[in-house]
$ cat work-v7.pdb   # PDB, C-alpha atoms
ATOM      1  CA  MET A 181      93.902  99.616 107.573
ATOM      2  CA  ASP A 182      96.996  97.604 108.393
ATOM      3  CA  SER A 183     100.060  97.109 106.219
ATOM      4  CA  LYS A 184     101.300  93.522 106.432
ATOM      5  CA  THR A 185     104.172  91.422 105.089
ATOM      6  CA  SER A 186     104.884  87.693 104.937
ATOM      7  CA  VAL A 187     107.761  85.838 103.301
ATOM      8  CA  ILE A 188     106.255  83.256 100.955
ATOM      9  CA  ASP A 189     108.426  81.066  98.724
ATOM     10  CA  ASP A 190     111.378  83.295  99.684
ATOM     11  CA  ILE A 191     109.545  86.428  98.468
ATOM     12  CA  PRO A 192     108.462  89.168 100.897
ATOM     13  CA  MET A 193     104.834  89.789  99.918
ATOM     14  CA  HIS A 194     102.985  92.901 101.030
ATOM     15  CA  TRP A 195      99.316  93.738 101.398
ATOM     16  CA  LEU A 196      96.861  96.068 103.106
ATOM     17  CA  GLU A 197      94.150  94.521 105.282
ATOM     18  CA  GLN A 198      91.013  95.803 106.938
ATOM     19  CA  GLY A 199      87.917  94.288 108.520
ATOM     20  CA  GLU A 200      86.525  90.833 109.242
ATOM     21  CA  GLY A 201      84.102  88.617 107.364
ATOM     22  CA  MET A 202      83.969  87.285 103.829
ATOM     23  CA  PRO A 203      87.406  87.662 102.220
ATOM     24  CA  VAL A 204      87.619  90.131  99.342
ATOM     25  CA  VAL A 205      90.987  90.136  97.566
ATOM     26  CA  LEU A 206      91.668  93.441  95.798
ATOM     27  CA  ILE A 207      94.303  93.530  93.043
ATOM     28  CA  HIS A 208      95.688  96.736  91.563
ATOM     29  CA  GLY A 209      97.208  97.414  88.155
ATOM     30  CA  ILE A 210      99.917  99.582  86.608
ATOM     31  CA  PRO A 211     101.217 102.103  87.665
ATOM     32  CA  THR A 212      99.584 101.761  91.064
ATOM     33  CA  SER A 213      99.767  99.716  94.274
ATOM     34  CA  PRO A 214      97.347  98.467  96.972
ATOM     35  CA  ALA A 215      96.763 102.130  97.829
ATOM     36  CA  LEU A 216      94.534 102.231  94.741
ATOM     37  CA  TRP A 217      91.831 100.682  96.970
ATOM     38  CA  ARG A 218      92.322 103.032  99.946
ATOM     39  CA  LYS A 219      88.964 104.770  99.427
ATOM     40  CA  VAL A 220      87.053 101.527  98.801
ATOM     41  CA  MET A 221      88.203  99.395 101.738
ATOM     42  CA  PRO A 222      86.632 101.530 104.514
ATOM     43  CA  LEU A 223      83.267 101.228 102.707
ATOM     44  CA  MET A 224      83.166  97.416 102.921
ATOM     45  CA  PRO A 225      81.540  96.445 106.272
ATOM     46  CA  GLY A 226      81.258  92.749 107.040
ATOM     47  CA  THR A 227      84.184  91.818 104.818
ATOM     48  CA  ARG A 228      87.863  91.081 105.243
ATOM     49  CA  CYS A 229      89.499  93.225 102.573
ATOM     50  CA  LEU A 230      92.993  92.194 101.518
ATOM     51  CA  ALA A 231      94.653  94.442  98.931
ATOM     52  CA  PHE A 232      97.534  92.459  97.455
ATOM     53  CA  GLU A 233     100.671  94.168  96.197
ATOM     54  CA  MET A 234     101.851  92.568  92.982
ATOM     55  CA  VAL A 235     105.452  91.414  93.074
ATOM     56  CA  GLY A 236     107.593  94.065  91.396
ATOM     57  CA  TYR A 237     105.131  96.891  92.110
ATOM     58  CA  GLY A 238     104.789  99.456  94.899
ATOM     59  CA  GLU A 239     107.046  98.751  97.846
ATOM     60  CA  SER A 240     107.643  95.325  96.271
ATOM     61  CA  ILE A 241     109.501  96.814  93.296
ATOM     62  CA  PRO A 242     112.835  95.405  94.555
ATOM     63  CA  GLN A 243     111.335  91.892  94.627
ATOM     64  CA  GLY A 244     110.663  92.183  90.895
ATOM     65  CA  VAL A 245     114.319  92.423  89.927
ATOM     66  CA  ASP A 246     115.374  89.222  88.128
ATOM     67  CA  ARG A 247     111.937  87.645  88.760
ATOM     68  CA  ASP A 248     109.065  86.810  86.458
ATOM     69  CA  ILE A 249     106.479  89.547  87.090
ATOM     70  CA  SER A 250     104.180  88.698  84.198
ATOM     71  CA  ILE A 251     100.435  88.698  84.746
ATOM     72  CA  SER A 252     100.404  84.911  84.529
ATOM     73  CA  ARG A 253     103.071  84.611  87.211
ATOM     74  CA  GLN A 254     101.345  87.195  89.421
ATOM     75  CA  ALA A 255      98.360  84.838  89.526
ATOM     76  CA  ASP A 256     100.618  82.151  90.983
ATOM     77  CA  TYR A 257     101.976  84.625  93.545
ATOM     78  CA  VAL A 258      98.431  85.567  94.585
ATOM     79  CA  ALA A 259      97.467  81.896  94.934
ATOM     80  CA  ALA A 260     100.532  81.116  97.068
ATOM     81  CA  TRP A 261      99.825  84.147  99.263
ATOM     82  CA  MET A 262      96.152  83.221  99.718
ATOM     83  CA  ARG A 263      97.054  79.668 100.663
ATOM     84  CA  HIS A 264      99.657  80.959 103.110
ATOM     85  CA  LEU A 265      96.918  83.009 104.798
ATOM     86  CA  GLY A 266      94.414  80.163 104.652
ATOM     87  CA  VAL A 267      92.066  82.200 102.437
ATOM     88  CA  GLU A 268      89.764  80.251 100.141
ATOM     89  CA  GLY A 269      86.411  80.999  98.548
ATOM     90  CA  ALA A 270      87.219  84.690  98.266
ATOM     91  CA  ILE A 271      85.811  87.317  95.974
ATOM     92  CA  LEU A 272      88.593  88.436  93.645
ATOM     93  CA  ALA A 273      88.330  92.059  92.556
ATOM     94  CA  GLY A 274      90.703  93.414  89.930
ATOM     95  CA  HIS A 275      91.351  96.733  88.220
ATOM     96  CA  ASP A 276      93.511  97.156  85.114
ATOM     97  CA  LEU A 277      96.277  94.486  85.190
ATOM     98  CA  GLY A 278      94.821  93.240  88.464
ATOM     99  CA  GLY A 279      91.698  92.240  86.589
ATOM    100  CA  GLY A 280      93.796  90.016  84.361
ATOM    101  CA  VAL A 281      95.425  88.458  87.407
ATOM    102  CA  ALA A 282      92.006  87.848  88.991
ATOM    103  CA  GLN A 283      90.738  86.124  85.842
ATOM    104  CA  ILE A 284      93.739  83.799  85.710
ATOM    105  CA  VAL A 285      93.451  82.918  89.403
ATOM    106  CA  ALA A 286      89.741  82.160  88.939
ATOM    107  CA  VAL A 287      90.482  79.839  86.012
ATOM    108  CA  ARG A 288      93.659  78.239  87.358
ATOM    109  CA  TYR A 289      92.725  77.973  91.053
ATOM    110  CA  PRO A 290      88.915  77.713  91.198
ATOM    111  CA  GLU A 291      88.893  76.657  94.861
ATOM    112  CA  LEU A 292      90.255  80.090  95.797
ATOM    113  CA  CYS A 293      87.621  82.122  93.963
ATOM    114  CA  ALA A 294      83.925  82.253  94.878
ATOM    115  CA  GLY A 295      83.159  85.429  92.954
ATOM    116  CA  LEU A 296      84.796  87.697  90.365
ATOM    117  CA  PHE A 297      84.603  91.501  90.191
ATOM    118  CA  LEU A 298      86.172  93.368  87.282
ATOM    119  CA  THR A 299      86.448  97.119  86.858
ATOM    120  CA  ASN A 300      88.154  98.608  83.802
ATOM    121  CA  ALA A 301      90.248  95.475  83.630
ATOM    122  CA  ILE A 302      92.524  94.111  80.953
ATOM    123  CA  GLY A 303      91.403  90.981  79.154
ATOM    124  CA  TYR A 304      91.293  89.203  75.829
ATOM    125  CA  ASP A 305      93.381  91.314  73.394
ATOM    126  CA  SER A 306      92.609  94.680  75.018
ATOM    127  CA  TRP A 307      96.173  95.322  76.096
ATOM    128  CA  PRO A 308      98.951  96.457  76.262
ATOM    129  CA  ILE A 309      97.563  99.877  75.379
ATOM    130  CA  PRO A 310      99.397 101.921  72.671
ATOM    131  CA  SER A 311     101.325 104.092  75.131
ATOM    132  CA  VAL A 312     102.609 100.995  76.922
ATOM    133  CA  LYS A 313     103.590  99.369  73.623
ATOM    134  CA  THR A 314     105.593 102.526  72.895
ATOM    135  CA  LEU A 315     107.339 102.177  76.262
ATOM    136  CA  GLN A 316     108.104  98.528  75.501
ATOM    137  CA  ALA A 317     109.625  99.467  72.150
ATOM    138  CA  SER A 318     111.736 102.250  73.649
ATOM    139  CA  ALA A 319     112.672 100.376  76.823
ATOM    140  CA  PRO A 320     116.482 100.524  76.400
ATOM    141  CA  LEU A 321     116.332 104.309  76.101
ATOM    142  CA  VAL A 322     113.710 105.031  78.756
ATOM    143  CA  SER A 323     115.312 102.774  81.368
ATOM    144  CA  HIS A 324     118.436 104.938  81.252
ATOM    145  CA  LEU A 325     116.653 108.271  81.515
ATOM    146  CA  PRO A 326     116.753 110.174  84.818
ATOM    147  CA  TYR A 327     114.469 108.467  87.327
ATOM    148  CA  THR A 328     112.152 111.504  87.332
ATOM    149  CA  ALA A 329     111.255 110.726  83.710
ATOM    150  CA  GLY A 330     109.053 108.017  85.134
ATOM    151  CA  LYS A 331     107.030 110.629  86.996
ATOM    152  CA  GLN A 332     106.270 112.414  83.731
ATOM    153  CA  ILE A 333     105.010 109.127  82.261
ATOM    154  CA  LEU A 334     102.821 108.543  85.319
ATOM    155  CA  ARG A 335     101.512 112.112  85.110
ATOM    156  CA  LEU A 336     100.291 111.555  81.549
ATOM    157  CA  LEU A 337      98.555 108.301  82.509
ATOM    158  CA  MET A 338      96.933 109.874  85.551
ATOM    159  CA  TYR A 339      95.658 112.926  83.662
ATOM    160  CA  ARG A 340      94.130 110.764  80.953
ATOM    161  CA  GLY A 341      92.662 108.273  83.425
ATOM    162  CA  HIS A 342      91.164 110.573  86.102
ATOM    163  CA  GLU A 343      88.192 112.902  85.923
ATOM    164  CA  ASP A 344      89.233 115.323  88.671
ATOM    165  CA  SER A 345      92.479 117.333  88.412
ATOM    166  CA  GLY A 346      92.822 117.498  92.184
ATOM    167  CA  LEU A 347      92.606 113.732  92.401
ATOM    168  CA  VAL A 348      95.208 113.483  89.637
ATOM    169  CA  ARG A 349      97.690 115.336  91.809
ATOM    170  CA  GLU A 350      96.838 113.256  94.888
ATOM    171  CA  SER A 351      97.094 109.992  92.972
ATOM    172  CA  LEU A 352     100.299 110.956  91.182
ATOM    173  CA  GLU A 353     102.108 111.924  94.367
ATOM    174  CA  LEU A 354     100.909 108.775  96.135
ATOM    175  CA  HIS A 355     101.762 106.271  93.421
ATOM    176  CA  TRP A 356     105.055 107.904  92.451
ATOM    177  CA  VAL A 357     106.534 107.390  95.934
ATOM    178  CA  PRO A 358     107.626 103.738  95.482
ATOM    179  CA  TYR A 359     109.057 104.466  92.024
ATOM    180  CA  ALA A 360     111.041 107.381  93.487
ATOM    181  CA  LYS A 361     112.406 105.053  96.171
ATOM    182  CA  HIS A 362     113.143 102.152  93.844
ATOM    183  CA  ASP A 363     114.743 102.848  90.443
ATOM    184  CA  GLY A 364     112.274 105.357  88.987
ATOM    185  CA  ALA A 365     111.764 104.948  85.237
ATOM    186  CA  ALA A 366     113.784 101.710  85.204
ATOM    187  CA  ALA A 367     111.250 100.089  87.560
ATOM    188  CA  LEU A 368     108.376 101.131  85.314
ATOM    189  CA  ILE A 369     110.183  99.675  82.292
ATOM    190  CA  ARG A 370     110.664  96.343  84.084
ATOM    191  CA  GLN A 371     106.921  96.245  84.628
ATOM    192  CA  VAL A 372     105.940  97.016  81.031
ATOM    193  CA  GLN A 373     108.512  94.612  79.599
ATOM    194  CA  ALA A 374     106.806  91.777  81.489
ATOM    195  CA  LEU A 375     103.413  92.379  79.858
ATOM    196  CA  ASP A 376     102.261  89.742  77.375
ATOM    197  CA  VAL A 377      98.758  89.675  75.890
ATOM    198  CA  ASN A 378      98.941  85.889  75.596
ATOM    199  CA  ASP A 379      98.502  85.682  79.373
ATOM    200  CA  THR A 380      94.839  86.671  79.070
ATOM    201  CA  LEU A 381      94.229  85.239  75.613
ATOM    202  CA  SER A 382      95.221  81.813  76.941
ATOM    203  CA  ILE A 383      92.370  81.755  79.485
ATOM    204  CA  ALA A 384      89.720  83.754  77.606
ATOM    205  CA  ASP A 385      87.834  80.671  76.414
ATOM    206  CA  SER A 386      87.547  79.450  80.007
ATOM    207  CA  LEU A 387      85.697  82.513  81.316
ATOM    208  CA  PRO A 388      82.198  81.410  80.192
ATOM    209  CA  GLY A 389      82.646  78.130  82.068
ATOM    210  CA  LEU A 390      83.569  79.599  85.449
ATOM    211  CA  GLY A 391      79.999  79.433  86.688
ATOM    212  CA  ILE A 392      80.532  81.758  89.656
ATOM    213  CA  PRO A 393      78.797  84.988  90.649
ATOM    214  CA  ALA A 394      80.417  87.923  88.903
ATOM    215  CA  CYS A 395      80.016  91.655  88.433
ATOM    216  CA  VAL A 396      81.483  94.101  85.918
ATOM    217  CA  VAL A 397      81.719  97.838  86.632
ATOM    218  CA  TRP A 398      83.136 100.115  83.953
ATOM    219  CA  GLY A 399      84.043 103.747  83.527
ATOM    220  CA  ALA A 400      82.303 104.071  80.172
ATOM    221  CA  ALA A 401      84.618 106.810  78.865
ATOM    222  CA  ASP A 402      87.859 104.982  79.704
ATOM    223  CA  PRO A 403      90.489 105.933  77.088
ATOM    224  CA  PHE A 404      92.569 102.831  77.890
ATOM    225  CA  GLN A 405      90.071  99.957  78.228
ATOM    226  CA  ASN A 406      87.098 100.344  75.928
ATOM    227  CA  ILE A 407      83.605  99.689  77.273
ATOM    228  CA  GLU A 408      83.233  97.018  74.574
ATOM    229  CA  TYR A 409      85.512  94.811  76.643
ATOM    230  CA  GLY A 410      83.346  95.367  79.707
ATOM    231  CA  GLU A 411      80.358  94.276  77.646
ATOM    232  CA  ARG A 412      82.239  91.167  76.523
ATOM    233  CA  PHE A 413      83.158  90.271  80.109
ATOM    234  CA  ALA A 414      79.531  90.661  81.140
ATOM    235  CA  ARG A 415      78.393  88.288  78.391
ATOM    236  CA  ASP A 416      81.064  85.670  79.042
ATOM    237  CA  LEU A 417      80.599  85.750  82.816
ATOM    238  CA  ASP A 418      76.793  86.015  82.631
ATOM    239  CA  ALA A 419      77.183  89.048  84.870
ATOM    240  CA  PRO A 420      75.572  92.473  85.135
ATOM    241  CA  LEU A 421      77.450  95.383  83.607
ATOM    242  CA  HIS A 422      77.205  98.628  85.570
ATOM    243  CA  ARG A 423      78.279 101.576  83.466
ATOM    244  CA  ILE A 424      79.702 104.674  85.123
ATOM    245  CA  GLU A 425      78.768 107.252  82.519
ATOM    246  CA  GLY A 426      81.608 109.693  81.959
ATOM    247  CA  GLY A 427      83.848 107.559  84.140
ATOM    248  CA  LEU A 428      87.459 107.170  83.097
ATOM    249  CA  HIS A 429      90.027 104.507  83.984
ATOM    250  CA  PHE A 430      90.856 104.766  87.689
ATOM    251  CA  THR A 431      87.392 103.906  89.003
ATOM    252  CA  PRO A 432      88.455 102.779  92.525
ATOM    253  CA  GLU A 433      89.852 106.271  93.110
ATOM    254  CA  ASP A 434      87.290 108.333  91.178
ATOM    255  CA  HIS A 435      84.181 106.366  92.197
ATOM    256  CA  PRO A 436      84.895 104.445  95.428
ATOM    257  CA  ASP A 437      81.263 104.650  96.587
ATOM    258  CA  GLU A 438      79.982 102.950  93.442
ATOM    259  CA  ILE A 439      82.751 100.353  93.422
ATOM    260  CA  ALA A 440      82.061  99.482  97.070
ATOM    261  CA  ARG A 441      78.292  99.369  96.506
ATOM    262  CA  TYR A 442      78.522  96.903  93.647
ATOM    263  CA  LEU A 443      81.191  94.871  95.430
ATOM    264  CA  LEU A 444      78.906  94.529  98.451
ATOM    265  CA  GLN A 445      76.091  93.407  96.179
ATOM    266  CA  LEU A 446      78.378  90.678  94.872
ATOM    267  CA  VAL A 447      79.311  89.731  98.435
ATOM    268  CA  GLU A 448      75.625  89.203  99.229
ATOM    269  CA  GLN A 449      75.150  87.192  96.039
ATOM    270  CA  VAL A 450      78.061  84.918  96.958
ATOM    271  CA  ARG A 451      76.793  84.529 100.527
ATOM    272  CA  SER A 452      73.379  83.515  99.229
ATOM    273  CA  ALA A 453      74.939  81.007  96.833
ATOM    274  CA  GLN A 454      76.927  79.456  99.691
ATOM    275  CA  MET A 455      73.974  79.058 102.080
ATOM    276  CA  PRO A 456      72.542  75.560 102.477
ATOM    277  CA  TYR A 457      69.546  74.913 100.268
ATOM    278  CA  GLY A 458      66.275  76.083 101.796
ATOM    279  CA  ILE A 459      67.898  78.102 104.588
ATOM    280  CA  GLN A 460      67.562  81.858 104.451
ATOM    281  CA  GLU A 461      68.741  84.618 106.737
TER
END
$ encode --input "work-v7.pdb" --output "structure tokens"
Amino acid sequence: MDSKTSVIDDIPMHWLEQGEGMPVVLIHGIPTSPALWRKVMPLMPGTRCLAFEMVGYGESIPQGVDRDISISRQADYVAAWMRHLGVEGAILAGHDLGGGVAQIVAVRYPELCAGLFLTNAIGYDSWPIPSVKTLQASAPLVSHLPYTAGKQILRLLMYRGHEDSGLVRESLELHWVPYAKHDGAAALIRQVQALDVNDTLSIADSLPGLGIPACVVWGAADPFQNIEYGERFARDLDAPLHRIEGGLHFTPEDHPDEIARYLLQLVEQVRSAQMPYGIQE
């Protein structure tokens, strides 16, 4: 997969890209980056996968300084980036905070979104989770701790959110790299200080009216985002809910085969919906 950058509205925006075909925009959450989708993208034949890096995250951490990096604003960044690339009618797939971004884009910019895929995503009043609220409350202290303190915070999140200890180590070392390069714990605090539950509450009532193909896949044992929220998404979006029994939070890393399989099913559903009436492949 290729790492790409474009300057859009004076902001260098980064993403990973692989393949050709129907566009599938993949959006990560906290404390990750587009690399969250590294195991999923190679399993998506016939699609153009574009894993967007949220402004203020990953290698884009420096771009988050003195900028609005709220979930609501990230949706605007994604829309500007998609328009810059000439991408419309894409499937938006979001995990964790990225799921909140995908929902807002779908509501605010319907021409950009032909299908919605959510996996262990924030929404409604499901977030910020207690540990993040604690970080928000202690932000002045934590932001001045040694930068390696951020790695300890990430380690706790990774251990609670992954099923396999070996994958915890792989994921931790991978996702810690940009924090180590760019401000450490202070960068993480900037991210959590920007989180506001009103960003998803404000669009929650619009989800049932989207009227687009959708799919919800959930690690049913997620300690951060309860399966009840996955069930609520499925009802509001009139979408199937695929439970990963025993699955925890970081489903794109723990269960890439299942995520890719259900994403491809949604791709076919969207393709069928876009075909002229009466014409079949």
$ closest_residue --input "work-v7.pdb" --among "A:Gln243, A:Gln332, A:Ser186, A:Gln405" --to "Ile302 in chain A" --atoms "only C-alpha atoms"
A:Gln405
$ residues_around --input "work-v7.pdb" --residues "Gly201 in chain A" --least-positions-apart "6" --cutoff "9 Å" --atoms "all atoms listed in the file" --output "list in words"
Pro225, Gly226, Thr227, Arg228 and Cys229 of chain A
$ closest_residue --input "work-v7.pdb" --among "A:Met181, A:Ile188, A:Ile210, A:Leu337" --to "Trp261 in chain A" --atoms "only C-alpha atoms"
A:Ile188
$ atom_distance --input "work-v7.pdb" --atom1 "CA of Trp398 in chain A" --atom2 "CA of Ala301 in chain A"
8.5 Å
$ resolve_selection --input "work-v7.pdb" --expression "the PyMOL selection byres ((chain A and resi 350-361) around 9)" --output "ChimeraX atom specification"
/A:211-213,215-216,237-241,327-328,330-331,334-335,338,345-349,362-368,433
$ write_last_selection --input "work-v7.pdb" --atoms "C-alpha atoms" --output "mmCIF file, in the frame of the given file"
data_model
loop_
_atom_site.group_PDB
_atom_site.id
_atom_site.type_symbol
_atom_site.label_atom_id
_atom_site.label_comp_id
_atom_site.auth_asym_id
_atom_site.auth_seq_id
_atom_site.Cartn_x
_atom_site.Cartn_y
_atom_site.Cartn_z
ATOM 1 C CA PRO A 211 101.217 102.103 87.665
ATOM 2 C CA THR A 212 99.584 101.761 91.064
ATOM 3 C CA SER A 213 99.767 99.716 94.274
ATOM 4 C CA ALA A 215 96.763 102.130 97.829
ATOM 5 C CA LEU A 216 94.534 102.231 94.741
ATOM 6 C CA TYR A 237 105.131 96.891 92.110
ATOM 7 C CA GLY A 238 104.789 99.456 94.899
ATOM 8 C CA GLU A 239 107.046 98.751 97.846
ATOM 9 C CA SER A 240 107.643 95.325 96.271
ATOM 10 C CA ILE A 241 109.501 96.814 93.296
ATOM 11 C CA TYR A 327 114.469 108.467 87.327
ATOM 12 C CA THR A 328 112.152 111.504 87.332
ATOM 13 C CA GLY A 330 109.053 108.017 85.134
ATOM 14 C CA LYS A 331 107.030 110.629 86.996
ATOM 15 C CA LEU A 334 102.821 108.543 85.319
ATOM 16 C CA ARG A 335 101.512 112.112 85.110
ATOM 17 C CA MET A 338 96.933 109.874 85.551
ATOM 18 C CA SER A 345 92.479 117.333 88.412
ATOM 19 C CA GLY A 346 92.822 117.498 92.184
ATOM 20 C CA LEU A 347 92.606 113.732 92.401
ATOM 21 C CA VAL A 348 95.208 113.483 89.637
ATOM 22 C CA ARG A 349 97.690 115.336 91.809
ATOM 23 C CA HIS A 362 113.143 102.152 93.844
ATOM 24 C CA ASP A 363 114.743 102.848 90.443
ATOM 25 C CA GLY A 364 112.274 105.357 88.987
ATOM 26 C CA ALA A 365 111.764 104.948 85.237
ATOM 27 C CA ALA A 366 113.784 101.710 85.204
ATOM 28 C CA ALA A 367 111.250 100.089 87.560
ATOM 29 C CA LEU A 368 108.376 101.131 85.314
ATOM 30 C CA GLU A 433 89.852 106.271 93.110
#
$ atom_distance --input "work-v7.pdb" --atom1 "CA of Met262 in chain A" --atom2 "CA of Pro420 in chain A"
26.9 Å
$ atom_distance --input "work-v7.pdb" --atom1 "CA of Gln316 in chain A" --atom2 "CA of Thr380 in chain A"
18.1 Å
$ resolve_selection --input "work-v7.pdb" --expression "the PyMOL selection byres ((chain A and resi 311) around 12)" --output "list in words"
Trp307, Pro308, Ile309, Pro310, Val312, Lys313, Thr314, Leu315, Gln316, Ala317, Ser318, Ile333, Leu334, Leu336, Leu337, Arg340, Val372, Pro403 and Phe404 of chain A
$ closest_residue --input "work-v7.pdb" --among "A:Gly303, A:Pro320, A:Gly426, A:Gly389" --to "Val287 in chain A" --atoms "only C-alpha atoms"
A:Gly389
$ residues_around --input "work-v7.pdb" --residues "Gly410 in chain A" --least-positions-apart "4" --cutoff "9 Å" --atoms "all atoms listed in the file" --output "PyMOL selection string"
chain A and resi 298-301+396-398+400+405-406+414-415+421+423
$ resolve_selection --input "work-v7.pdb" --expression "the PyMOL selection byres ((chain A and resi 378) around 10)" --output "list in words"
Ile251, Ser252, Gly303, Tyr304, Asp305, Trp307, Leu375, Asp376, Val377, Asp379, Thr380, Leu381, Ser382, Ile383 and Ala384 of chain A
$ axis_aligned_box --input "work-v7.pdb" --around "range 344-360 of chain A" --padding-each-side "6 Å" --output "lines of an AutoDock Vina configuration file"
center_x = 100.1
center_y = 110.6
center_z = 92.3
size_x = 33.8
size_y = 25.8
size_z = 19.7
$ closest_residue --input "work-v7.pdb" --among "A:Val258, A:Ile392, A:Gly427, A:Glu268" --to "Met202 in chain A" --atoms "only C-alpha atoms"
A:Glu268
$ closest_residue --input "work-v7.pdb" --among "A:Asp190, A:Asp256, A:Glu425, A:Asp276" --to "Leu292 in chain A" --atoms "all atoms listed in the file"
A:Asp256
$ residues_around --input "work-v7.pdb" --residues "Gly266 in chain A" --least-positions-apart "6" --cutoff "12 Å" --atoms "all atoms listed in the file" --output "list in words"
Pro203, Ala259, Ala260, Glu291 and Leu292 of chain A
$ residues_around --input "work-v7.pdb" --residues "Asp246 in chain A" --least-positions-apart "3" --cutoff "10 Å" --atoms "all atoms listed in the file" --output "NGL selection string"
:A and (236 or 242-243 or 249 or 370)
$ residues_around --input "work-v7.pdb" --residues "Arg451 in chain A" --least-positions-apart "4" --cutoff "10 Å" --atoms "only C-alpha atoms" --output "PyMOL selection string"
chain A and resi 202+294-295+445-447+455
$ decode --input "work-v7.pdb" --residues "range 342-353 of chain A" --atoms "N, CA, C and O atoms" --output "compact mmCIF listing (two decimals), in the first residue's frame"
# COMPACT_ATOMS: atom_id res chain seq x y z
N HIS A 342 -7.28 -5.68 23.16
CA HIS A 342 -6.84 -6.76 22.27
C HIS A 342 -7.00 -8.11 22.95
O HIS A 342 -6.85 -8.22 24.16
N GLU A 343 -7.21 -9.12 22.13
CA GLU A 343 -7.37 -10.48 22.67
C GLU A 343 -6.05 -11.23 22.76
O GLU A 343 -5.91 -12.14 23.58
N ASP A 344 -5.09 -10.87 21.93
CA ASP A 344 -3.83 -11.62 21.82
C ASP A 344 -2.67 -10.77 22.34
O ASP A 344 -2.46 -9.65 21.86
N SER A 345 -1.91 -11.28 23.32
CA SER A 345 -0.84 -10.49 23.92
C SER A 345 0.26 -10.17 22.91
O SER A 345 0.87 -9.10 22.98
N GLY A 346 0.51 -11.07 21.98
CA GLY A 346 1.51 -10.79 20.96
C GLY A 346 1.08 -9.64 20.07
O GLY A 346 1.90 -8.77 19.71
N LEU A 347 -0.20 -9.59 19.75
CA LEU A 347 -0.71 -8.49 18.93
C LEU A 347 -0.71 -7.19 19.72
O LEU A 347 -0.53 -6.11 19.14
N VAL A 348 -0.88 -7.27 21.04
CA VAL A 348 -0.79 -6.07 21.87
C VAL A 348 0.58 -5.43 21.69
O VAL A 348 0.70 -4.22 21.48
N ARG A 349 1.61 -6.24 21.78
CA ARG A 349 2.97 -5.70 21.65
C ARG A 349 3.20 -5.11 20.26
O ARG A 349 3.77 -4.03 20.12
N GLU A 350 2.76 -5.83 19.22
CA GLU A 350 2.90 -5.32 17.86
C GLU A 350 2.18 -3.99 17.68
O GLU A 350 2.72 -3.02 17.14
N SER A 351 0.93 -3.95 18.15
CA SER A 351 0.11 -2.76 17.98
C SER A 351 0.67 -1.59 18.79
O SER A 351 0.70 -0.45 18.31
N LEU A 352 1.09 -1.86 20.01
CA LEU A 352 1.64 -0.80 20.85
C LEU A 352 2.87 -0.18 20.21
O LEU A 352 2.97 1.06 20.12
N GLU A 353 3.80 -1.00 19.76
CA GLU A 353 5.02 -0.46 19.18
C GLU A 353 4.72 0.32 17.90
O GLU A 353 5.33 1.36 17.64
